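model_5.cif (mmCIF, C-alpha atoms)
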```cif
data_coords
loop_
_atom_site.group_PDB
_atom_site.id
_atom_site.type_symbol
_atom_site.label_atom_id
_atom_site.label_comp_id
_atom_site.auth_asym_id
_atom_site.auth_seq_id
_atom_site.Cartn_x
_atom_site.Cartn_y
_atom_site.Cartn_z
ATOM 1 C CA MET R 28 2.670 8.527 -17.440
ATOM 2 C CA VAL R 29 1.778 10.047 -14.063
ATOM 3 C CA THR R 30 4.460 8.986 -11.602
ATOM 4 C CA VAL R 31 4.306 8.742 -7.815
ATOM 5 C CA VAL R 32 7.578 8.171 -5.967
ATOM 6 C CA ALA R 33 7.200 6.623 -2.516
ATOM 7 C CA VAL R 34 10.085 7.141 -0.085
ATOM 8 C CA TYR R 35 10.499 4.491 2.611
ATOM 9 C CA THR R 36 12.759 4.552 5.659
ATOM 10 C CA GLY R 37 12.370 0.824 6.331
ATOM 11 C CA GLN R 38 11.558 -2.524 4.780
ATOM 12 C CA GLY R 39 8.186 -4.241 4.499
ATOM 13 C CA LEU R 40 5.658 -1.466 3.921
ATOM 14 C CA SER R 41 6.282 -1.304 0.173
ATOM 15 C CA GLU R 42 4.860 -4.830 -0.131
ATOM 16 C CA ARG R 43 1.561 -3.577 1.269
ATOM 17 C CA ILE R 44 1.521 -0.275 -0.599
ATOM 18 C CA GLY R 45 2.031 -1.903 -4.012
ATOM 19 C CA PRO R 46 -1.290 -3.795 -4.234
ATOM 20 C CA LEU R 47 -3.208 -0.901 -2.656
ATOM 21 C CA PHE R 48 -1.666 1.504 -5.156
ATOM 22 C CA ARG R 49 -2.869 -0.627 -8.055
ATOM 23 C CA GLU R 50 -6.385 -0.580 -6.571
ATOM 24 C CA GLU R 51 -6.553 3.133 -5.803
ATOM 25 C CA LEU R 52 -4.461 4.552 -8.658
ATOM 26 C CA PRO R 53 -4.781 2.249 -11.677
ATOM 27 C CA GLY R 54 -2.795 3.441 -14.653
ATOM 28 C CA CYS R 55 -0.320 5.445 -12.583
ATOM 29 C CA ARG R 56 3.321 4.478 -12.123
ATOM 30 C CA LEU R 57 4.720 3.794 -8.646
ATOM 31 C CA VAL R 58 8.466 4.047 -8.014
ATOM 32 C CA ASN R 59 9.874 3.007 -4.633
ATOM 33 C CA ILE R 60 12.953 4.470 -2.943
ATOM 34 C CA ILE R 61 13.874 2.393 0.123
ATOM 35 C CA ASP R 62 16.671 3.100 2.590
ATOM 36 C CA ASP R 63 16.234 1.158 5.820
ATOM 37 C CA SER R 64 19.296 2.809 7.352
ATOM 38 C CA LEU R 65 17.115 5.880 7.905
ATOM 39 C CA ILE R 66 14.784 4.378 10.494
ATOM 40 C CA ALA R 67 17.678 2.419 12.000
ATOM 41 C CA ASP R 68 19.538 5.680 12.597
ATOM 42 C CA VAL R 69 16.410 7.356 14.014
ATOM 43 C CA ILE R 70 15.897 4.457 16.434
ATOM 44 C CA GLN R 71 19.524 4.487 17.522
ATOM 45 C CA ALA R 72 19.611 8.251 18.086
ATOM 46 C CA GLY R 73 16.100 8.455 19.523
ATOM 47 C CA GLU R 74 15.375 11.362 17.197
ATOM 48 C CA VAL R 75 15.545 12.468 13.577
ATOM 49 C CA THR R 76 19.161 13.502 13.109
ATOM 50 C CA THR R 77 20.610 16.089 10.757
ATOM 51 C CA ALA R 78 22.165 13.293 8.705
ATOM 52 C CA VAL R 79 18.778 11.581 8.313
ATOM 53 C CA ILE R 80 17.172 14.864 7.231
ATOM 54 C CA ARG R 81 19.917 15.438 4.679
ATOM 55 C CA ARG R 82 19.552 11.959 3.170
ATOM 56 C CA LEU R 83 15.780 12.206 3.105
ATOM 57 C CA VAL R 84 15.922 15.492 1.214
ATOM 58 C CA GLN R 85 18.349 13.892 -1.233
ATOM 59 C CA TYR R 86 15.804 11.144 -1.891
ATOM 60 C CA TYR R 87 13.141 13.756 -2.526
ATOM 61 C CA ARG R 88 15.543 15.327 -5.042
ATOM 62 C CA HIS R 89 16.036 11.918 -6.649
ATOM 63 C CA ALA R 90 12.256 11.652 -6.943
ATOM 64 C CA GLU R 91 12.204 14.940 -8.854
ATOM 65 C CA ASP R 92 14.944 13.625 -11.152
ATOM 66 C CA ILE R 93 12.893 10.468 -11.766
ATOM 67 C CA GLY R 94 10.082 12.679 -12.984
ATOM 68 C CA ALA R 95 7.707 12.370 -10.051
ATOM 69 C CA ASP R 96 4.403 14.204 -10.209
ATOM 70 C CA LEU R 97 4.063 13.634 -6.459
ATOM 71 C CA ILE R 98 6.189 12.309 -3.588
ATOM 72 C CA LEU R 99 4.626 10.036 -0.972
ATOM 73 C CA ASN R 100 6.401 10.174 2.386
ATOM 74 C CA THR R 101 5.589 6.821 4.005
ATOM 75 C CA CYS R 102 7.267 7.166 7.414
ATOM 76 C CA SER R 103 5.503 8.855 10.320
ATOM 77 C CA SER R 104 8.749 9.191 12.295
ATOM 78 C CA VAL R 105 10.093 11.682 9.721
ATOM 79 C CA GLY R 106 6.789 13.347 8.841
ATOM 80 C CA GLU R 107 7.812 16.674 10.334
ATOM 81 C CA VAL R 108 10.782 16.759 7.951
ATOM 82 C CA ALA R 109 8.375 16.533 5.020
ATOM 83 C CA ASP R 110 6.382 19.442 6.441
ATOM 84 C CA ARG R 111 9.492 21.585 6.796
ATOM 85 C CA VAL R 112 11.009 20.963 3.358
ATOM 86 C CA ARG R 113 7.856 21.148 1.207
ATOM 87 C CA PRO R 114 8.631 24.750 0.139
ATOM 88 C CA LEU R 115 11.922 23.529 -1.391
ATOM 89 C CA PHE R 116 10.130 21.411 -4.000
ATOM 90 C CA ASN R 117 7.982 22.180 -7.015
ATOM 91 C CA ILE R 118 5.958 18.993 -6.659
ATOM 92 C CA PRO R 119 3.641 18.105 -3.766
ATOM 93 C CA ILE R 120 4.783 15.889 -0.894
ATOM 94 C CA VAL R 121 1.916 13.898 0.624
ATOM 95 C CA LYS R 122 2.421 12.374 4.059
ATOM 96 C CA ILE R 123 0.895 8.932 4.364
ATOM 97 C CA ASP R 124 -0.662 9.681 7.760
ATOM 98 C CA ASP R 125 -2.109 13.174 7.218
ATOM 99 C CA ASP R 126 -5.529 12.044 6.031
ATOM 100 C CA MET R 127 -5.731 9.397 8.764
ATOM 101 C CA ALA R 128 -5.139 12.096 11.384
ATOM 102 C CA ARG R 129 -7.638 14.415 9.721
ATOM 103 C CA GLN R 130 -10.402 11.824 9.717
ATOM 104 C CA ALA R 131 -9.702 10.648 13.257
ATOM 105 C CA THR R 132 -9.848 14.148 14.722
ATOM 106 C CA MET R 133 -12.904 15.033 12.653
ATOM 107 C CA ASN R 134 -14.935 12.067 13.847
ATOM 108 C CA PHE R 135 -13.760 11.227 17.376
ATOM 109 C CA ASN R 136 -13.029 12.999 20.665
ATOM 110 C CA HIS R 137 -10.922 10.353 22.422
ATOM 111 C CA ILE R 138 -8.159 8.934 20.249
ATOM 112 C CA GLY R 139 -5.896 6.036 21.165
ATOM 113 C CA VAL R 140 -2.562 5.930 19.334
ATOM 114 C CA LEU R 141 -0.636 2.673 18.989
ATOM 115 C CA ALA R 142 2.986 2.549 17.870
ATOM 116 C CA THR R 143 5.796 0.027 17.779
ATOM 117 C CA LEU R 144 8.520 2.684 17.908
ATOM 118 C CA PRO R 145 8.870 5.429 20.514
ATOM 119 C CA THR R 146 10.114 7.827 17.813
ATOM 120 C CA THR R 147 6.670 7.650 16.177
ATOM 121 C CA LEU R 148 4.436 8.289 19.176
ATOM 122 C CA GLU R 149 5.177 11.971 19.744
ATOM 123 C CA PRO R 150 5.080 12.988 16.036
ATOM 124 C CA THR R 151 1.710 11.247 15.683
ATOM 125 C CA ARG R 152 0.355 12.879 18.832
ATOM 126 C CA GLN R 153 1.458 16.294 17.556
ATOM 127 C CA LEU R 154 -0.034 15.631 14.131
ATOM 128 C CA LEU R 155 -3.407 14.784 15.682
ATOM 129 C CA GLN R 156 -3.344 17.889 17.861
ATOM 130 C CA ARG R 157 -2.467 20.110 14.884
ATOM 131 C CA GLU R 158 -5.330 18.654 12.886
ATOM 132 C CA ALA R 159 -7.710 19.220 15.801
ATOM 133 C CA VAL R 160 -6.680 22.889 15.977
ATOM 134 C CA LEU R 161 -7.263 23.294 12.236
ATOM 135 C CA GLN R 162 -10.767 21.883 12.699
ATOM 136 C CA ASN R 163 -11.403 23.990 15.815
ATOM 137 C CA ARG R 164 -11.934 20.839 17.837
ATOM 138 C CA LYS R 165 -10.585 19.549 21.132
ATOM 139 C CA VAL R 166 -9.461 15.947 21.265
ATOM 140 C CA HIS R 167 -7.945 13.832 24.000
ATOM 141 C CA VAL R 168 -5.077 11.622 22.852
ATOM 142 C CA VAL R 169 -3.806 8.617 24.781
ATOM 143 C CA ASP R 170 -1.015 6.461 23.462
ATOM 144 C CA ALA R 171 0.556 3.082 24.002
ATOM 145 C CA LEU R 172 3.892 1.703 22.850
ATOM 146 C CA ALA R 173 4.042 -1.936 21.796
ATOM 147 C CA GLU R 174 7.623 -2.134 22.961
ATOM 148 C CA GLY R 175 9.681 -4.693 21.068
ATOM 149 C CA ALA R 176 7.044 -5.234 18.377
ATOM 150 C CA TYR R 177 8.980 -3.515 15.602
ATOM 151 C CA GLN R 178 12.105 -5.508 16.412
ATOM 152 C CA ALA R 179 10.028 -8.703 16.390
ATOM 153 C CA LEU R 180 8.640 -7.874 12.959
ATOM 154 C CA VAL R 181 11.990 -7.121 11.330
ATOM 155 C CA SER R 182 13.549 -10.221 12.902
ATOM 156 C CA GLY R 183 10.912 -12.489 11.368
ATOM 157 C CA GLN R 184 8.563 -12.942 14.353
ATOM 158 C CA PRO R 185 5.227 -11.576 13.099
ATOM 159 C CA GLU R 186 3.210 -13.484 15.717
ATOM 160 C CA GLU R 187 5.136 -11.799 18.541
ATOM 161 C CA HIS R 188 4.720 -8.453 16.773
ATOM 162 C CA ASP R 189 0.958 -8.961 16.684
ATOM 163 C CA ARG R 190 0.746 -10.151 20.303
ATOM 164 C CA LEU R 191 2.554 -7.075 21.594
ATOM 165 C CA ILE R 192 0.285 -4.773 19.608
ATOM 166 C CA PHE R 193 -2.792 -6.529 20.999
ATOM 167 C CA GLU R 194 -1.483 -5.969 24.531
ATOM 168 C CA ALA R 195 -0.851 -2.286 23.838
ATOM 169 C CA ALA R 196 -4.332 -1.903 22.353
ATOM 170 C CA LYS R 197 -5.972 -3.410 25.433
ATOM 171 C CA SER R 198 -4.206 -0.872 27.646
ATOM 172 C CA VAL R 199 -5.857 2.119 25.931
ATOM 173 C CA ALA R 200 -9.078 0.725 24.446
ATOM 174 C CA SER R 201 -11.230 1.642 27.456
ATOM 175 C CA LYS R 202 -10.107 5.283 27.189
ATOM 176 C CA ALA R 203 -10.600 5.688 23.425
ATOM 177 C CA ASP R 204 -13.358 6.003 20.836
ATOM 178 C CA VAL R 205 -10.999 5.031 18.002
ATOM 179 C CA LEU R 206 -7.563 3.492 17.606
ATOM 180 C CA VAL R 207 -4.998 5.068 15.279
ATOM 181 C CA LEU R 208 -2.069 2.976 14.057
ATOM 182 C CA ALA R 209 0.915 5.310 14.013
ATOM 183 C CA GLN R 210 2.937 3.313 11.475
ATOM 184 C CA GLY R 211 1.934 1.975 8.107
ATOM 185 C CA SER R 212 3.634 -1.332 8.920
ATOM 186 C CA MET R 213 0.908 -1.937 11.521
ATOM 187 C CA ALA R 214 -1.913 -1.849 8.972
ATOM 188 C CA ARG R 215 -2.006 -5.637 8.791
ATOM 189 C CA MET R 216 -3.550 -5.517 12.289
ATOM 190 C CA GLU R 217 -6.411 -3.180 11.395
ATOM 191 C CA LYS R 218 -9.276 -5.687 11.210
ATOM 192 C CA ALA R 219 -8.037 -7.944 14.010
ATOM 193 C CA LEU R 220 -7.683 -5.021 16.417
ATOM 194 C CA SER R 221 -11.165 -3.773 15.597
ATOM 195 C CA GLN R 222 -12.597 -7.217 16.278
ATOM 196 C CA GLU R 223 -10.614 -7.550 19.512
ATOM 197 C CA THR R 224 -11.460 -4.122 20.953
ATOM 198 C CA GLY R 225 -14.814 -3.329 19.335
ATOM 199 C CA LEU R 226 -13.424 0.049 18.240
ATOM 200 C CA PRO R 227 -12.930 1.499 14.768
ATOM 201 C CA VAL R 228 -9.277 1.319 13.767
ATOM 202 C CA TYR R 229 -7.587 3.716 11.373
ATOM 203 C CA ALA R 230 -4.476 2.741 9.419
ATOM 204 C CA SER R 231 -2.590 5.007 7.058
ATOM 205 C CA PRO R 232 -1.734 3.105 3.830
ATOM 206 C CA ARG R 233 -5.085 3.141 2.026
ATOM 207 C CA LEU R 234 -6.086 6.547 3.417
ATOM 208 C CA GLY R 235 -2.699 7.915 2.373
ATOM 209 C CA LEU R 236 -3.135 6.641 -1.179
ATOM 210 C CA MET R 237 -6.629 8.097 -1.341
ATOM 211 C CA ALA R 238 -5.048 11.436 -0.391
ATOM 212 C CA VAL R 239 -2.518 10.968 -3.194
ATOM 213 C CA ARG R 240 -5.337 10.382 -5.654
ATOM 214 C CA ALA R 241 -7.199 13.459 -4.412
ATOM 215 C CA GLU R 242 -4.086 15.608 -4.866
ATOM 216 C CA LEU R 243 -3.507 14.286 -8.386
ATOM 217 C CA GLU R 244 -7.167 14.972 -9.189
ATOM 218 C CA ARG R 245 -6.747 18.518 -7.905
ATOM 219 C CA GLN R 246 -3.818 18.936 -10.291
ATOM 220 C CA GLY R 247 -5.820 17.515 -13.178
ATOM 221 C CA LYS R 248 -3.472 14.518 -13.472
ATOM 222 C CA TYR R 249 -5.892 11.785 -12.465
ATOM 223 C CA PRO R 250 -7.321 9.589 -13.942
ATOM 224 C CA CYS R 251 -3.817 8.691 -15.085
#
```

Spell out the structure here as structure tokens.
Amino acid sequence: MVTVVAVYTGQGLSERIGPLFREELPGCRLVNIIDDSLIADVIQAGEVTTAVIRRLVQYYRHAEDIGADLILNTCSSVGEVADRVRPLFNIPIVKIDDDMARQATMNFNHIGVLATLPTTLEPTRQLLQREAVLQNRKVHVVDALAEGAYQALVSGQPEEHDRLIFEAAKSVASKADVLVLAQGSMARMEKALSQETGLPVYASPRLGLMAVRAELERQGKYPC
């Protein structure tokens, strides 16, 4: 059976990915590796540390041992690690936010990025700029941090999480043609933010899984 191993640095997103995976990749097997100490360490250090990189690579190795046909990196904060270590692996590593960034830069000139963690803003900004260069386009990126929203979510206060994201969205909506949600955990806000701001809103989970399917198709492994 075709196997996709998803590596998570925090809790919660796997609950959203599971149903979407069954919709987008029926017949394939999804295996989750979750270590929420990774994002906790990134938040505490304010950067991706050597220890986090080492553990993440170990989880990619575990995915190979499991028999993965593809690894899905689900955390935007460590996306640059996935880019750097891809040559070490014989199976593809798909970043959950790559296709989101590609579509946003392809279709819009002014992009608003929303994040609930400061460690995600700069990697997402850089990802968008890299995609724009690849497409020979110039884009203007503005960002807003919903400070405290991530902590509210993990402490069981989803309403406060949503309120803070709404406030962040309002601060950049007038300067943007589209809103990009930097973290997969924010995808639950996609429709509400679009209704509130009148802008298209891009979230990574479904787009990331569509990219997984496209890569498996390219390898001749899908349909599963």

Which polymer residues have any atom within 6 Å of an atom of region 97-107 of chain R, counting all atoms listed in the file, with same-chain residues fewer than 4 positions away left out, as a ChimeraX atom specification?
/R:31-35,118-123,146-147

If I take CA of Cys251 (chain R) and CA of Asn117 (chain R), how far is one from the other in Å, to one decimal?
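Here the two named atoms are 19.7 Å from each other.
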
Residue among R:Asp204, R:Gly175, R:Leu154, R:Arg113 lying closest to Asn136 (chain R), counting all atoms listed in the file
R:Asp204

What residues come out when you apply the PyMOL selection byres ((chain R and resi 210) around 9) to this file, written as an mmCIF file with C-alpha atoms, in the coordinates of the input?
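result_23.cif written:
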```
data_model
loop_
_atom_site.group_PDB
_atom_site.id
_atom_site.type_symbol
_atom_site.label_atom_id
_atom_site.label_comp_id
_atom_site.auth_asym_id
_atom_site.auth_seq_id
_atom_site.Cartn_x
_atom_site.Cartn_y
_atom_site.Cartn_z
ATOM 1 C CA THR R 101 5.589 6.821 4.005
ATOM 2 C CA CYS R 102 7.267 7.166 7.414
ATOM 3 C CA SER R 103 5.503 8.855 10.320
ATOM 4 C CA SER R 104 8.749 9.191 12.295
ATOM 5 C CA ASP R 124 -0.662 9.681 7.760
ATOM 6 C CA LEU R 141 -0.636 2.673 18.989
ATOM 7 C CA ALA R 142 2.986 2.549 17.870
ATOM 8 C CA THR R 143 5.796 0.027 17.779
ATOM 9 C CA LEU R 144 8.520 2.684 17.908
ATOM 10 C CA THR R 147 6.670 7.650 16.177
ATOM 11 C CA VAL R 207 -4.998 5.068 15.279
ATOM 12 C CA LEU R 208 -2.069 2.976 14.057
ATOM 13 C CA ALA R 209 0.915 5.310 14.013
ATOM 14 C CA GLY R 211 1.934 1.975 8.107
ATOM 15 C CA SER R 212 3.634 -1.332 8.920
ATOM 16 C CA MET R 213 0.908 -1.937 11.521
ATOM 17 C CA ALA R 214 -1.913 -1.849 8.972
ATOM 18 C CA ALA R 230 -4.476 2.741 9.419
ATOM 19 C CA SER R 231 -2.590 5.007 7.058
ATOM 20 C CA PRO R 232 -1.734 3.105 3.830
#
```

Using all atoms listed in the file for the distances, tell me which of R:Leu206, R:Ala128, R:Ala171, R:Ala67 is nearest to Leu191 (chain R).
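Closest residue, counting all atoms listed in the file: R:Ala171.
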
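Once the PyMOL selection byres ((chain R and resi 156) around 12) is applied to this file, the selection holds Asp125, Ala128, Arg129, Ala131, Thr132, Met133, Asn136, His137, Ile138, Glu149, Pro150, Thr151, Arg152, Gln153, Leu154, Leu155, Arg157, Glu158, Ala159, Val160, Leu161, Gln162, Asn163, Arg164, Lys165, Val166, His167, Val168 and Val169 of chain R.
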
Exercise: residues within 9 Å of coordinate (19.6, 11.3, 7.7), counting only C-alpha atoms, as number ranges by chain:
R: 64-66, 68-69, 75-84

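Nearest residue to Val58 (chain R), choosing from R:Gly73, R:Glu223, R:Gln246, R:Ser41 and counting only C-alpha atoms: R:Ser41.
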
Please report the interatomic distance between CA of Thr224 (chain R) and CA of Lys197 (chain R) in Å with one decimal.
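So the answer is 7.1 Å.
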
Find the residues around Tyr249 (chain R) up to 12 Å (only C-alpha atoms counted), leave out those fewer than 2 positions away in its own chain, and share them as a list in words.
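Near Tyr249 (chain R), the qualifying residues are Met28, Val29, Thr30, Val31, Glu51, Leu52, Pro53, Gly54, Cys55, Arg56, Asp96, Leu97, Met237, Val239, Arg240, Ala241, Glu242, Leu243, Glu244, Arg245, Gln246, Gly247 and Cys251 of chain R.
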
File dump, residues just selected, C-alpha atoms, as an mmCIF file, keeping the file's coordinate frame:
```cif
data_model
loop_
_atom_site.group_PDB
_atom_site.id
_atom_site.type_symbol
_atom_site.label_atom_id
_atom_site.label_comp_id
_atom_site.auth_asym_id
_atom_site.auth_seq_id
_atom_site.Cartn_x
_atom_site.Cartn_y
_atom_site.Cartn_z
ATOM 1 C CA MET R 28 2.670 8.527 -17.440
ATOM 2 C CA VAL R 29 1.778 10.047 -14.063
ATOM 3 C CA THR R 30 4.460 8.986 -11.602
ATOM 4 C CA VAL R 31 4.306 8.742 -7.815
ATOM 5 C CA GLU R 51 -6.553 3.133 -5.803
ATOM 6 C CA LEU R 52 -4.461 4.552 -8.658
ATOM 7 C CA PRO R 53 -4.781 2.249 -11.677
ATOM 8 C CA GLY R 54 -2.795 3.441 -14.653
ATOM 9 C CA CYS R 55 -0.320 5.445 -12.583
ATOM 10 C CA ARG R 56 3.321 4.478 -12.123
ATOM 11 C CA ASP R 96 4.403 14.204 -10.209
ATOM 12 C CA LEU R 97 4.063 13.634 -6.459
ATOM 13 C CA MET R 237 -6.629 8.097 -1.341
ATOM 14 C CA VAL R 239 -2.518 10.968 -3.194
ATOM 15 C CA ARG R 240 -5.337 10.382 -5.654
ATOM 16 C CA ALA R 241 -7.199 13.459 -4.412
ATOM 17 C CA GLU R 242 -4.086 15.608 -4.866
ATOM 18 C CA LEU R 243 -3.507 14.286 -8.386
ATOM 19 C CA GLU R 244 -7.167 14.972 -9.189
ATOM 20 C CA ARG R 245 -6.747 18.518 -7.905
ATOM 21 C CA GLN R 246 -3.818 18.936 -10.291
ATOM 22 C CA GLY R 247 -5.820 17.515 -13.178
ATOM 23 C CA CYS R 251 -3.817 8.691 -15.085
#
```

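The space separating CA of Asp170 (chain R) from CA of Ala196 (chain R) comes to 9.1 Å.
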
Quick one: axis-aligned box around all listed atoms of region 159-162 of chain R, 3 Å on every side, centre and edge lengths in Å to one decimal, written as JSON.
```
{"center_x": -8.7, "center_y": 21.3, "center_z": 14.1, "size_x": 10.1, "size_y": 10.1, "size_z": 9.7}
```

Between R:Val112, R:Val228, R:Leu172, R:Ile61, smallest distance to Met127 (chain R) by only C-alpha atoms belongs to R:Val228
